[in-house]
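**Student:** Just entry-v2.pdb, nothing more (PDB, C-alpha atoms):
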ATOM      1  CA  MET A   1      76.661  90.580  87.077
ATOM      2  CA  GLU A   2      73.779  92.544  88.598
ATOM      3  CA  LYS A   3      74.593  91.150  92.029
ATOM      4  CA  SER A   4      78.241  92.213  91.609
ATOM      5  CA  LYS A   5      77.247  95.740  90.568
ATOM      6  CA  SER A   6      74.804  95.972  93.466
ATOM      7  CA  SER A   7      77.453  94.941  96.014
ATOM      8  CA  ALA A   8      79.955  97.418  94.566
ATOM      9  CA  SER A   9      77.368 100.183  94.781
ATOM     10  CA  LEU A  10      76.664  99.338  98.407
ATOM     11  CA  ARG A  11      80.383  99.406  99.240
ATOM     12  CA  TRP A  12      80.665 102.917  97.805
ATOM     13  CA  LYS A  13      77.684 103.982  99.925
ATOM     14  CA  ILE A  14      79.465 102.672 103.017
ATOM     15  CA  LEU A  15      82.612 104.606 102.068
ATOM     16  CA  ARG A  16      80.559 107.774 101.591
ATOM     17  CA  ARG A  17      78.980 107.293 105.011
ATOM     18  CA  SER A  18      82.426 106.998 106.606
ATOM     19  CA  LEU A  19      83.133 110.609 105.567
ATOM     20  CA  ARG A  20      80.140 111.878 107.459
ATOM     21  CA  ALA A  21      79.837 112.495 111.178
ATOM     22  CA  PRO A  22      78.915 109.354 113.127
ATOM     23  CA  SER A  23      75.202 108.854 113.512
ATOM     24  CA  PRO A  24      72.943 106.147 114.900
ATOM     25  CA  SER A  25      72.388 103.255 112.518
ATOM     26  CA  VAL A  26      69.343 103.697 110.331
ATOM     27  CA  SER A  27      67.204 100.851 109.117
ATOM     28  CA  GLY A  28      67.750 100.227 105.430
ATOM     29  CA  GLN A  29      71.323 101.521 105.307
ATOM     30  CA  PRO A  30      73.833  99.018 103.894
ATOM     31  CA  SER A  31      75.818  97.040 106.423
ATOM     32  CA  ARG A  32      79.513  96.481 105.754
ATOM     33  CA  GLU A  33      79.205  92.965 107.119
ATOM     34  CA  ASN A  34      76.636  92.121 104.444
ATOM     35  CA  VAL A  35      78.512  93.399 101.371
ATOM     36  CA  SER A  36      82.202  93.799 102.114
ATOM     37  CA  ARG A  37      84.557  91.013 101.115
ATOM     38  CA  ARG A  38      87.105  92.304 103.593
ATOM     39  CA  THR A  39      87.324  90.951 107.122
ATOM     40  CA  SER A  40      88.761  92.490 110.262
ATOM     41  CA  THR A  41      91.039  89.483 110.810
ATOM     42  CA  GLY A  42      91.761  88.183 107.292
ATOM     43  CA  PHE A  43      94.001  85.124 107.335
ATOM     44  CA  ASN A  44      95.155  86.228 110.807
ATOM     45  CA  LEU A  45      98.701  85.012 110.235
ATOM     46  CA  ILE A  46     100.266  88.015 111.979
ATOM     47  CA  LYS A  47      98.600  88.376 115.368
ATOM     48  CA  CYS A  48      98.048  91.926 116.551
ATOM     49  CA  ARG A  49      96.569  93.958 119.373
ATOM     50  CA  VAL A  50      95.876  97.643 119.945
ATOM     51  CA  LEU A  51      98.074  99.261 122.576
ATOM     52  CA  ALA A  52      96.430 101.592 125.068
ATOM     53  CA  GLY A  53      97.271 103.660 128.119
ATOM     54  CA  GLN A  54     100.896 104.241 129.012
ATOM     55  CA  LEU A  55     102.202 101.964 126.274
ATOM     56  CA  ALA A  56     100.564 104.139 123.622
ATOM     57  CA  GLU A  57     101.633 107.340 125.360
ATOM     58  CA  ASN A  58     105.244 106.172 125.366
ATOM     59  CA  LEU A  59     105.066 106.042 121.564
ATOM     60  CA  GLN A  60     103.702 109.603 121.441
ATOM     61  CA  ILE A  61     100.382 108.762 119.821
ATOM     62  CA  SER A  62      98.673 112.004 118.854
ATOM     63  CA  SER A  63      95.457 112.965 120.613
ATOM     64  CA  ASN A  64      93.597 113.728 117.368
ATOM     65  CA  GLY A  65      91.446 110.635 117.743
ATOM     66  CA  LYS A  66      92.528 109.237 114.373
ATOM     67  CA  ASP A  67      95.673 107.354 115.331
ATOM     68  CA  ILE A  68      96.217 104.152 117.248
ATOM     69  CA  CYS A  69      99.250 101.988 117.919
ATOM     70  CA  VAL A  70      99.017  98.355 116.891
ATOM     71  CA  SER A  71     101.487  95.771 118.170
ATOM     72  CA  TYR A  72     102.177  92.938 115.712
ATOM     73  CA  SER A  73     103.661  89.651 116.940
ATOM     74  CA  LEU A  74     105.974  88.530 114.159
ATOM     75  CA  PRO A  75     105.887  84.697 113.975
ATOM     76  CA  ILE A  76     109.534  83.823 114.397
ATOM     77  CA  GLY A  77     111.382  82.016 117.179
ATOM     78  CA  ASP A  78     111.395  84.890 119.655
ATOM     79  CA  ASP A  79     108.047  86.430 118.584
ATOM     80  CA  LYS A  80     109.304  89.939 117.970
ATOM     81  CA  GLU A  81     106.856  92.737 118.691
ATOM     82  CA  LEU A  82     106.543  95.353 115.961
ATOM     83  CA  ASN A  83     104.720  98.511 117.063
ATOM     84  CA  MET A  84     103.079 100.521 114.303
ATOM     85  CA  ILE A  85     101.247 103.835 114.486
ATOM     86  CA  GLN A  86      98.369 103.903 112.020
ATOM     87  CA  ARG A  87      94.908 105.303 111.443
ATOM     88  CA  ARG A  88      91.891 103.859 113.132
ATOM     89  CA  GLU A  89      90.301 101.487 110.638
ATOM     90  CA  ASP A  90      88.001 103.133 108.083
ATOM     91  CA  THR A  91      88.893 106.656 109.250
ATOM     92  CA  ILE A  92      88.792 108.621 105.997
ATOM     93  CA  GLU A  93      88.540 112.407 105.687
ATOM     94  CA  LEU A  94      87.857 114.759 102.815
ATOM     95  CA  ASN A  95      91.496 115.881 102.862
ATOM     96  CA  ASP A  96      92.569 112.311 102.086
ATOM     97  CA  PHE A  97      90.690 112.448  98.785
ATOM     98  CA  GLU A  98      92.162 115.865  98.015
ATOM     99  CA  VAL A  99      95.653 114.370  98.403
ATOM    100  CA  SER A 100      94.569 111.412  96.263
ATOM    101  CA  THR A 101      93.472 113.740  93.468
ATOM    102  CA  LYS A 102      96.583 115.911  93.688
ATOM    103  CA  TYR A 103      99.027 113.009  93.373
ATOM    104  CA  ASN A 104      96.846 110.696  91.230
ATOM    105  CA  ILE A 105      96.954 107.948  93.847
ATOM    106  CA  ASP A 106      94.387 105.946  95.783
ATOM    107  CA  THR A 107      93.672 106.126  99.509
ATOM    108  CA  THR A 108      93.561 102.390 100.224
ATOM    109  CA  GLY A 109      96.818 102.494 102.190
ATOM    110  CA  LEU A 110      95.168 104.650 104.842
ATOM    111  CA  VAL A 111      91.960 102.679 105.210
ATOM    112  CA  CYS A 112      93.144  99.462 106.836
ATOM    113  CA  ARG A 113      95.482  96.494 106.650
ATOM    114  CA  TRP A 114      94.388  94.337 103.706
ATOM    115  CA  PRO A 115      94.436  90.507 103.823
ATOM    116  CA  SER A 116      97.100  90.151 101.113
ATOM    117  CA  GLU A 117      99.479  92.285 103.169
ATOM    118  CA  ASP A 118      99.183  89.938 106.128
ATOM    119  CA  VAL A 119      99.823  86.925 103.874
ATOM    120  CA  LEU A 120     102.815  88.520 102.132
ATOM    121  CA  ALA A 121     104.451  89.434 105.440
ATOM    122  CA  TYR A 122     103.972  85.859 106.665
ATOM    123  CA  TYR A 123     105.339  84.423 103.424
ATOM    124  CA  CYS A 124     108.457  86.621 103.537
ATOM    125  CA  ILE A 125     109.178  85.744 107.163
ATOM    126  CA  ASN A 126     108.991  82.047 106.255
ATOM    127  CA  HIS A 127     111.426  82.590 103.371
ATOM    128  CA  ALA A 128     113.884  84.729 105.304
ATOM    129  CA  ASP A 129     116.956  83.187 103.682
ATOM    130  CA  PHE A 130     115.907  84.548 100.297
ATOM    131  CA  PHE A 131     116.423  88.137 101.545
ATOM    132  CA  ARG A 132     119.862  87.708 103.096
ATOM    133  CA  SER A 133     122.251  90.523 102.114
ATOM    134  CA  LYS A 134     119.769  91.893  99.547
ATOM    135  CA  ARG A 135     118.379  95.320  98.781
ATOM    136  CA  VAL A 136     114.598  95.095  99.126
ATOM    137  CA  LEU A 137     111.912  97.548  98.027
ATOM    138  CA  GLU A 138     108.238  97.390  98.969
ATOM    139  CA  LEU A 139     105.938  99.092  96.457
ATOM    140  CA  GLY A 140     102.539 100.528  97.371
ATOM    141  CA  SER A 141     103.265  99.544 100.931
ATOM    142  CA  GLY A 142     100.451 101.178 102.859
ATOM    143  CA  TYR A 143     101.684 101.141 106.450
ATOM    144  CA  GLY A 144     104.434  98.752 105.374
ATOM    145  CA  LEU A 145     103.843  95.625 107.430
ATOM    146  CA  THR A 146     105.701  93.455 104.908
ATOM    147  CA  GLY A 147     108.694  95.766 104.652
ATOM    148  CA  PHE A 148     108.975  96.032 108.420
ATOM    149  CA  ALA A 149     108.634  92.258 108.795
ATOM    150  CA  ILE A 150     111.489  91.721 106.318
ATOM    151  CA  ALA A 151     113.635  94.294 108.108
ATOM    152  CA  ALA A 152     113.001  92.727 111.523
ATOM    153  CA  CYS A 153     113.087  89.022 110.626
ATOM    154  CA  THR A 154     115.642  88.624 107.851
ATOM    155  CA  ASP A 155     119.227  89.653 107.218
ATOM    156  CA  ALA A 156     118.435  91.945 104.309
ATOM    157  CA  SER A 157     121.082  94.613 103.848
ATOM    158  CA  GLU A 158     118.526  97.355 103.101
ATOM    159  CA  VAL A 159     114.737  97.686 103.082
ATOM    160  CA  ILE A 160     113.038 100.629 101.380
ATOM    161  CA  ILE A 161     109.338 100.978 102.227
ATOM    162  CA  SER A 162     107.602 103.116  99.627
ATOM    163  CA  ASP A 163     104.174 104.482  98.837
ATOM    164  CA  GLY A 164     102.898 107.222  96.557
ATOM    165  CA  ASN A 165     100.785 108.812  99.283
ATOM    166  CA  PRO A 166     102.797 111.329 101.364
ATOM    167  CA  GLN A 167     100.409 110.903 104.296
ATOM    168  CA  VAL A 168     101.123 107.178 104.359
ATOM    169  CA  VAL A 169     104.877 107.756 104.099
ATOM    170  CA  ASP A 170     104.705 110.039 107.151
ATOM    171  CA  TYR A 171     103.329 107.092 109.122
ATOM    172  CA  ILE A 172     106.005 104.786 107.710
ATOM    173  CA  GLN A 173     108.787 107.129 108.830
ATOM    174  CA  ARG A 174     107.330 107.406 112.329
ATOM    175  CA  ASN A 175     107.294 103.619 112.521
ATOM    176  CA  VAL A 176     110.868 103.383 111.248
ATOM    177  CA  ASP A 177     111.881 105.699 114.089
ATOM    178  CA  ILE A 178     110.104 103.808 116.881
ATOM    179  CA  ASN A 179     111.216 100.324 115.776
ATOM    180  CA  GLY A 180     114.886 100.984 115.092
ATOM    181  CA  GLU A 181     116.159  98.438 117.628
ATOM    182  CA  LEU A 182     114.373  95.589 115.796
ATOM    183  CA  PHE A 183     116.302  96.029 112.577
ATOM    184  CA  ARG A 184     119.799  95.180 113.804
ATOM    185  CA  GLY A 185     122.169  95.777 110.886
ATOM    186  CA  THR A 186     119.481  96.277 108.246
ATOM    187  CA  LYS A 187     119.156  99.794 106.879
ATOM    188  CA  VAL A 188     115.489 100.827 106.751
ATOM    189  CA  GLU A 189     114.089 103.928 105.095
ATOM    190  CA  SER A 190     110.792 105.346 103.889
ATOM    191  CA  MET A 191     110.263 106.817 100.437
ATOM    192  CA  ILE A 192     107.582 108.616  98.453
ATOM    193  CA  LEU A 193     107.564 106.764  95.155
ATOM    194  CA  HIS A 194     105.149 107.477  92.325
ATOM    195  CA  TRP A 195     105.270 104.726  89.764
ATOM    196  CA  ASP A 196     104.816 107.037  86.782
ATOM    197  CA  GLN A 197     107.579 109.498  87.701
ATOM    198  CA  GLU A 198     111.254 109.547  86.831
ATOM    199  CA  ILE A 199     113.188 107.034  88.912
ATOM    200  CA  MET A 200     116.166 108.304  90.878
ATOM    201  CA  SER A 201     119.440 107.123  89.360
ATOM    202  CA  GLU A 202     120.569 105.423  92.585
ATOM    203  CA  LEU A 203     117.491 103.172  92.452
ATOM    204  CA  ALA A 204     117.506 102.287  88.757
ATOM    205  CA  ASN A 205     118.109  98.545  88.232
ATOM    206  CA  SER A 206     119.601  98.263  91.716
ATOM    207  CA  VAL A 207     116.928  96.397  93.702
ATOM    208  CA  ASP A 208     117.420  92.683  94.362
ATOM    209  CA  VAL A 209     113.874  91.986  95.541
ATOM    210  CA  ILE A 210     110.665  93.956  95.024
ATOM    211  CA  VAL A 211     107.627  93.029  97.119
ATOM    212  CA  ALA A 212     104.057  94.250  96.800
ATOM    213  CA  SER A 213     100.606  93.172  97.956
ATOM    214  CA  ASP A 214      97.256  93.846  96.298
ATOM    215  CA  CYS A 215      98.715  96.394  93.875
ATOM    216  CA  THR A 216      97.216  95.100  90.614
ATOM    217  CA  PHE A 217      93.557  95.953  91.309
ATOM    218  CA  PHE A 218      93.421  99.315  89.513
ATOM    219  CA  LYS A 219      93.927  98.718  85.788
ATOM    220  CA  GLU A 220      94.830 102.356  85.170
ATOM    221  CA  PHE A 221      98.049 101.790  87.152
ATOM    222  CA  HIS A 222      99.100  98.569  85.372
ATOM    223  CA  GLU A 223     101.384 100.235  82.860
ATOM    224  CA  SER A 224     103.276 102.352  85.400
ATOM    225  CA  LEU A 225     103.514  99.442  87.874
ATOM    226  CA  ALA A 226     104.931  97.085  85.250
ATOM    227  CA  GLN A 227     107.411  99.704  84.059
ATOM    228  CA  VAL A 228     108.591 100.594  87.563
ATOM    229  CA  VAL A 229     109.360  96.928  88.229
ATOM    230  CA  LYS A 230     111.385  96.765  85.015
ATOM    231  CA  ARG A 231     113.251  99.998  85.809
ATOM    232  CA  LEU A 232     114.076  99.157  89.420
ATOM    233  CA  LEU A 233     114.762  95.430  89.457
ATOM    234  CA  LYS A 234     118.418  94.498  89.141
ATOM    235  CA  GLN A 235     119.165  92.639  85.914
ATOM    236  CA  SER A 236     120.429  89.533  87.648
ATOM    237  CA  PRO A 237     119.356  85.858  87.571
ATOM    238  CA  THR A 238     118.620  86.005  91.303
ATOM    239  CA  SER A 239     116.577  89.233  91.276
ATOM    240  CA  GLU A 240     112.824  88.900  91.554
ATOM    241  CA  ALA A 241     109.606  90.771  92.219
ATOM    242  CA  ILE A 242     107.224  88.979  94.580
ATOM    243  CA  PHE A 243     103.588  90.055  94.369
ATOM    244  CA  LEU A 244     100.589  88.697  96.252
ATOM    245  CA  GLY A 245      97.048  89.571  95.290
ATOM    246  CA  PRO A 246      93.677  88.098  94.285
ATOM    247  CA  LYS A 247      92.512  87.767  90.677
ATOM    248  CA  ARG A 248      89.816  90.460  91.073
ATOM    249  CA  GLY A 249      87.978  89.668  87.850
ATOM    250  CA  ASP A 250      90.310  90.087  84.880
ATOM    251  CA  SER A 251      92.527  92.672  86.593
ATOM    252  CA  LEU A 252      95.391  90.318  87.419
ATOM    253  CA  HIS A 253      95.179  88.727  83.962
ATOM    254  CA  LYS A 254      95.469  92.151  82.310
ATOM    255  CA  PHE A 255      98.513  92.970  84.421
ATOM    256  CA  LEU A 256     100.184  89.696  83.446
ATOM    257  CA  GLU A 257      99.608  90.520  79.788
ATOM    258  CA  ARG A 258     101.410  93.819  80.256
ATOM    259  CA  ILE A 259     104.292  92.163  82.121
ATOM    260  CA  ARG A 260     104.806  89.814  79.188
ATOM    261  CA  GLU A 261     104.521  92.615  76.622
ATOM    262  CA  ILE A 262     107.367  94.626  78.150
ATOM    263  CA  GLY A 263     109.730  91.660  78.106
ATOM    264  CA  LEU A 264     109.505  90.307  81.640
ATOM    265  CA  LYS A 265     108.616  86.744  82.576
ATOM    266  CA  TYR A 266     106.401  85.571  85.398
ATOM    267  CA  GLU A 267     105.289  82.546  87.361
ATOM    268  CA  LEU A 268     101.817  82.451  88.925
ATOM    269  CA  ILE A 269     101.416  80.040  91.840
ATOM    270  CA  GLU A 270      98.122  79.139  93.497
ATOM    271  CA  ARG A 271      99.372  76.841  96.269
ATOM    272  CA  TYR A 272     102.573  78.225  97.768
ATOM    273  CA  ASP A 273     102.190  77.587 101.504
ATOM    274  CA  ASP A 274     100.419  74.733 103.292
ATOM    275  CA  VAL A 275      99.134  76.872 106.186
ATOM    276  CA  ILE A 276      97.705  79.540 103.879
ATOM    277  CA  TRP A 277      96.181  76.904 101.611
ATOM    278  CA  SER A 278      94.538  75.179 104.567
ATOM    279  CA  LEU A 279      92.954  78.456 105.692
ATOM    280  CA  HIS A 280      91.788  79.108 102.128
ATOM    281  CA  GLN A 281      90.067  75.730 102.040
ATOM    282  CA  LYS A 282      88.441  76.373 105.397
ATOM    283  CA  PHE A 283      87.046  79.728 104.280
ATOM    284  CA  LEU A 284      85.834  78.189 101.021
ATOM    285  CA  GLY A 285      83.938  75.545 102.933
ATOM    286  CA  GLY A 286      82.236  78.118 105.111
ATOM    287  CA  ASN A 287      83.831  76.589 108.185
ATOM    288  CA  ASP A 288      84.958  79.863 109.718
ATOM    289  CA  ALA A 289      82.467  82.525 110.780
ATOM    290  CA  SER A 290      85.182  85.228 110.759
ATOM    291  CA  TRP A 291      84.956  85.515 106.948
ATOM    292  CA  THR A 292      81.417  84.747 105.880
ATOM    293  CA  ASN A 293      81.664  86.608 102.542
ATOM    294  CA  TYR A 294      84.893  84.939 101.475
ATOM    295  CA  ASP A 295      85.211  84.949  97.679
ATOM    296  CA  PRO A 296      88.460  83.497  96.300
ATOM    297  CA  GLU A 297      88.330  85.774  93.249
ATOM    298  CA  HIS A 298      88.639  88.789  95.525
ATOM    299  CA  CYS A 299      90.091  87.379  98.747
ATOM    300  CA  TYR A 300      92.619  84.620  98.069
ATOM    301  CA  PRO A 301      96.028  86.074  97.120
ATOM    302  CA  LEU A 302      97.934  84.288  94.369
ATOM    303  CA  LEU A 303     101.720  84.346  94.411
ATOM    304  CA  LEU A 304     103.244  86.111  91.398
ATOM    305  CA  LYS A 305     106.988  86.022  90.756
ATOM    306  CA  ILE A 306     108.375  88.404  88.125
ATOM    307  CA  SER A 307     111.890  88.431  86.736
ATOM    308  CA  PHE A 308     113.913  89.295  83.652
ATOM    309  CA  CYS A 309     113.936  86.843  80.798
ATOM    310  CA  GLY A 310     117.192  84.922  80.543
ATOM    311  CA  PRO A 311     119.271  84.672  77.370
ATOM    312  CA  GLU A 312     117.779  82.544  74.623
TER     313      GLU A 312
END
Take the structure in the file and give it back as structure tokens.
**Tutor:**
Amino acid sequence: MEKSKSSASLRWKILRRSLRAPSPSVSGQPSRENVSRRTSTGFNLIKCRVLAGQLAENLQISSNGKDICVSYSLPIGDDKELNMIQRREDTIELNDFEVSTKYNIDTTGLVCRWPSEDVLAYYCINHADFFRSKRVLELGSGYGLTGFAIAACTDASEVIISDGNPQVVDYIQRNVDINGELFRGTKVESMILHWDQEIMSELANSVDVIVASDCTFFKEFHESLAQVVKRLLKQSPTSEAIFLGPKRGDSLHKFLERIREIGLKYELIERYDDVIWSLHQKFLGGNDASWTNYDPEHCYPLLLKISFCGPE
């Protein structure tokens, strides 16, 4: 327990340092590599590269020094390239926390791409048939890699990419605009969606598939997250919410309790894809130097499927 508290404390120190002006490294300061469970590559299922020069200029990247354009190679037959404008990793400003306080949201969607997001996008691409002709909503999307992957690689009729942070949604809309040709006949839109606010009537019980990654970490949001799934998901035998996220102590367990209490059913699956499972085993064995602090409790995303209970 003491080791866990110590690591958490060090991670907060690193976050605090990221708000300050860059300075030379000082001996004794915590290193992210030593305490963070996150990795720059994660499961590396969606290959990506940073665009520079004329390619970035063509996408009208701002010159504020915060933004970059990342090109993601979506793993389908023709390897579609999805270009996404996003913040430089770990670029957090005081204004971001002011927005977080104002809207009672977290800032994690601005910080980086999290490993569960990469895995969920990969999983959805490999189950493209499930999304055919369906209305899909991504909750707590961050930059929306999963939503964009579904829009580009499946025949979904509509994909709504939502987040509660208006700054994040601005990025999502920019990326909708620059990737329009990838979506073919799929309607794609961005949306500011706060889980604890009144749901618009056109969304209520109208969504065929809800997807979300790493959204169950904060226990204070469990109630509103569970309720928004119940209010938005279509009451149909084929409708389903697909979540991916690690256990993170008892956080996932607490969320599952709430799901059951409000009358929804769930299925929790540990091994859902052979490629992902193989990578998990490799990281567990310490056979990959790219993720030396791999901890399955906080790094390996479990597959959670949520649906309405059928008639008795």
**Student:** Can you pull out every residue within 9 Å of stretch 145-160 of chain A, counting all atoms listed in the file, but drop anything in the same chain fewer than 2 positions away, and send it as a PDB file with C-alpha atoms, in the frame of the given file?
**Tutor:**
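Just written: selection_2.pdb:
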ATOM      1  CA  TYR A  72     102.177  92.938 115.712  1.00  0.00           C
ATOM      2  CA  LEU A  74     105.974  88.530 114.159  1.00  0.00           C
ATOM      3  CA  ILE A  76     109.534  83.823 114.397  1.00  0.00           C
ATOM      4  CA  LYS A  80     109.304  89.939 117.970  1.00  0.00           C
ATOM      5  CA  LEU A  82     106.543  95.353 115.961  1.00  0.00           C
ATOM      6  CA  MET A  84     103.079 100.521 114.303  1.00  0.00           C
ATOM      7  CA  ARG A 113      95.482  96.494 106.650  1.00  0.00           C
ATOM      8  CA  GLU A 117      99.479  92.285 103.169  1.00  0.00           C
ATOM      9  CA  ASP A 118      99.183  89.938 106.128  1.00  0.00           C
ATOM     10  CA  VAL A 119      99.823  86.925 103.874  1.00  0.00           C
ATOM     11  CA  LEU A 120     102.815  88.520 102.132  1.00  0.00           C
ATOM     12  CA  ALA A 121     104.451  89.434 105.440  1.00  0.00           C
ATOM     13  CA  TYR A 122     103.972  85.859 106.665  1.00  0.00           C
ATOM     14  CA  CYS A 124     108.457  86.621 103.537  1.00  0.00           C
ATOM     15  CA  ILE A 125     109.178  85.744 107.163  1.00  0.00           C
ATOM     16  CA  HIS A 127     111.426  82.590 103.371  1.00  0.00           C
ATOM     17  CA  ALA A 128     113.884  84.729 105.304  1.00  0.00           C
ATOM     18  CA  ASP A 129     116.956  83.187 103.682  1.00  0.00           C
ATOM     19  CA  PHE A 130     115.907  84.548 100.297  1.00  0.00           C
ATOM     20  CA  PHE A 131     116.423  88.137 101.545  1.00  0.00           C
ATOM     21  CA  ARG A 132     119.862  87.708 103.096  1.00  0.00           C
ATOM     22  CA  SER A 133     122.251  90.523 102.114  1.00  0.00           C
ATOM     23  CA  LYS A 134     119.769  91.893  99.547  1.00  0.00           C
ATOM     24  CA  ARG A 135     118.379  95.320  98.781  1.00  0.00           C
ATOM     25  CA  VAL A 136     114.598  95.095  99.126  1.00  0.00           C
ATOM     26  CA  LEU A 137     111.912  97.548  98.027  1.00  0.00           C
ATOM     27  CA  GLU A 138     108.238  97.390  98.969  1.00  0.00           C
ATOM     28  CA  LEU A 139     105.938  99.092  96.457  1.00  0.00           C
ATOM     29  CA  SER A 141     103.265  99.544 100.931  1.00  0.00           C
ATOM     30  CA  GLY A 142     100.451 101.178 102.859  1.00  0.00           C
ATOM     31  CA  TYR A 143     101.684 101.141 106.450  1.00  0.00           C
ATOM     32  CA  SER A 162     107.602 103.116  99.627  1.00  0.00           C
ATOM     33  CA  ASN A 175     107.294 103.619 112.521  1.00  0.00           C
ATOM     34  CA  VAL A 176     110.868 103.383 111.248  1.00  0.00           C
ATOM     35  CA  ASN A 179     111.216 100.324 115.776  1.00  0.00           C
ATOM     36  CA  GLU A 181     116.159  98.438 117.628  1.00  0.00           C
ATOM     37  CA  LEU A 182     114.373  95.589 115.796  1.00  0.00           C
ATOM     38  CA  PHE A 183     116.302  96.029 112.577  1.00  0.00           C
ATOM     39  CA  ARG A 184     119.799  95.180 113.804  1.00  0.00           C
ATOM     40  CA  GLY A 185     122.169  95.777 110.886  1.00  0.00           C
ATOM     41  CA  THR A 186     119.481  96.277 108.246  1.00  0.00           C
ATOM     42  CA  LYS A 187     119.156  99.794 106.879  1.00  0.00           C
ATOM     43  CA  VAL A 188     115.489 100.827 106.751  1.00  0.00           C
ATOM     44  CA  GLU A 189     114.089 103.928 105.095  1.00  0.00           C
ATOM     45  CA  SER A 190     110.792 105.346 103.889  1.00  0.00           C
ATOM     46  CA  MET A 191     110.263 106.817 100.437  1.00  0.00           C
ATOM     47  CA  VAL A 211     107.627  93.029  97.119  1.00  0.00           C
ATOM     48  CA  ALA A 212     104.057  94.250  96.800  1.00  0.00           C
ATOM     49  CA  SER A 213     100.606  93.172  97.956  1.00  0.00           C
TER      50      SER A 213
END
**Student:** Neighbouring residues of A:Trp195 were defined as those with any atom within 7 Å, considering only C-alpha atoms; residues of the same chain fewer than 3 positions away were excluded. Please report them as an NGL selection string.
**Tutor:** :A and (224-225 or 228)
**Student:** Could you write out the selected residues, including C-alpha atoms, as a PDB file, keeping the file's coordinate frame?
**Tutor:**
ATOM      1  CA  SER A 224     103.276 102.352  85.400  1.00  0.00           C
ATOM      2  CA  LEU A 225     103.514  99.442  87.874  1.00  0.00           C
ATOM      3  CA  VAL A 228     108.591 100.594  87.563  1.00  0.00           C
TER       4      VAL A 228
END
**Student:** Have a look at A:Gln86, A:Ser290, A:Lys219, A:Phe283 and name the one nearest to A:Leu256; count only C-alpha atoms.
**Tutor:**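 For A:Leu256, the nearest of the given residues is A:Lys219.
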**Student:** In Å to one decimal, how far is atom CA of A:Pro301 from atom CA of A:Arg248?
**Tutor:**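 Value for the atom CA of A:Arg248-atom CA of A:Pro301 distance: 9.7 Å.
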**Student:** Measure the distance from atom CA of A:Ile242 to atom CA of A:Phe218 in Å and round it to one decimal.
**Tutor:**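 Separation of atom CA of A:Ile242 and atom CA of A:Phe218: 18.0 Å.
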**Student:** Neighbours of A:Pro237 within 8 Å (all atoms listed in the file; same-chain residues fewer than 2 positions away dropped), as number ranges by chain?
**Tutor:** A: 235, 239, 307-308, 310
**Student:** Would you write out, as a PDB file with C-alpha atoms, in the frame of the given file, every residue that the PyMOL selection byres ((chain A and resi 198-201) around 12) captures in this file?
**Tutor:**
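Written file, expr_9.pdb:
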ATOM      1  CA  MET A 191     110.263 106.817 100.437  1.00  0.00           C
ATOM      2  CA  ILE A 192     107.582 108.616  98.453  1.00  0.00           C
ATOM      3  CA  LEU A 193     107.564 106.764  95.155  1.00  0.00           C
ATOM      4  CA  HIS A 194     105.149 107.477  92.325  1.00  0.00           C
ATOM      5  CA  TRP A 195     105.270 104.726  89.764  1.00  0.00           C
ATOM      6  CA  ASP A 196     104.816 107.037  86.782  1.00  0.00           C
ATOM      7  CA  GLN A 197     107.579 109.498  87.701  1.00  0.00           C
ATOM      8  CA  GLU A 202     120.569 105.423  92.585  1.00  0.00           C
ATOM      9  CA  LEU A 203     117.491 103.172  92.452  1.00  0.00           C
ATOM     10  CA  ALA A 204     117.506 102.287  88.757  1.00  0.00           C
ATOM     11  CA  ASN A 205     118.109  98.545  88.232  1.00  0.00           C
ATOM     12  CA  SER A 206     119.601  98.263  91.716  1.00  0.00           C
ATOM     13  CA  VAL A 207     116.928  96.397  93.702  1.00  0.00           C
ATOM     14  CA  SER A 224     103.276 102.352  85.400  1.00  0.00           C
ATOM     15  CA  GLN A 227     107.411  99.704  84.059  1.00  0.00           C
ATOM     16  CA  VAL A 228     108.591 100.594  87.563  1.00  0.00           C
ATOM     17  CA  VAL A 229     109.360  96.928  88.229  1.00  0.00           C
ATOM     18  CA  LYS A 230     111.385  96.765  85.015  1.00  0.00           C
ATOM     19  CA  ARG A 231     113.251  99.998  85.809  1.00  0.00           C
ATOM     20  CA  LEU A 232     114.076  99.157  89.420  1.00  0.00           C
ATOM     21  CA  LEU A 233     114.762  95.430  89.457  1.00  0.00           C
TER      22      LEU A 233
END
**Student:** Please compute the atom CA of A:Ile92-atom CA of A:Ala289 distance, one decimal, in Å.
**Tutor:**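 Atom CA of A:Ala289 lies at a distance of 27.3 Å from atom CA of A:Ile92.
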**Student:** Near A:Asp214, counting only C-alpha atoms, which residues have an atom at most 7 Å away, once you skip same-chain residues fewer than 6 positions from it, shown as a count of residues only?
**Tutor:** 3
**Student:** Counting only C-alpha atoms, which residue out of A:Glu261, A:Tyr266, A:Thr91, A:Lys305 sits closest to A:Val209?
**Tutor:**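 The shortest atom-to-atom distance to A:Val209 comes from A:Lys305.
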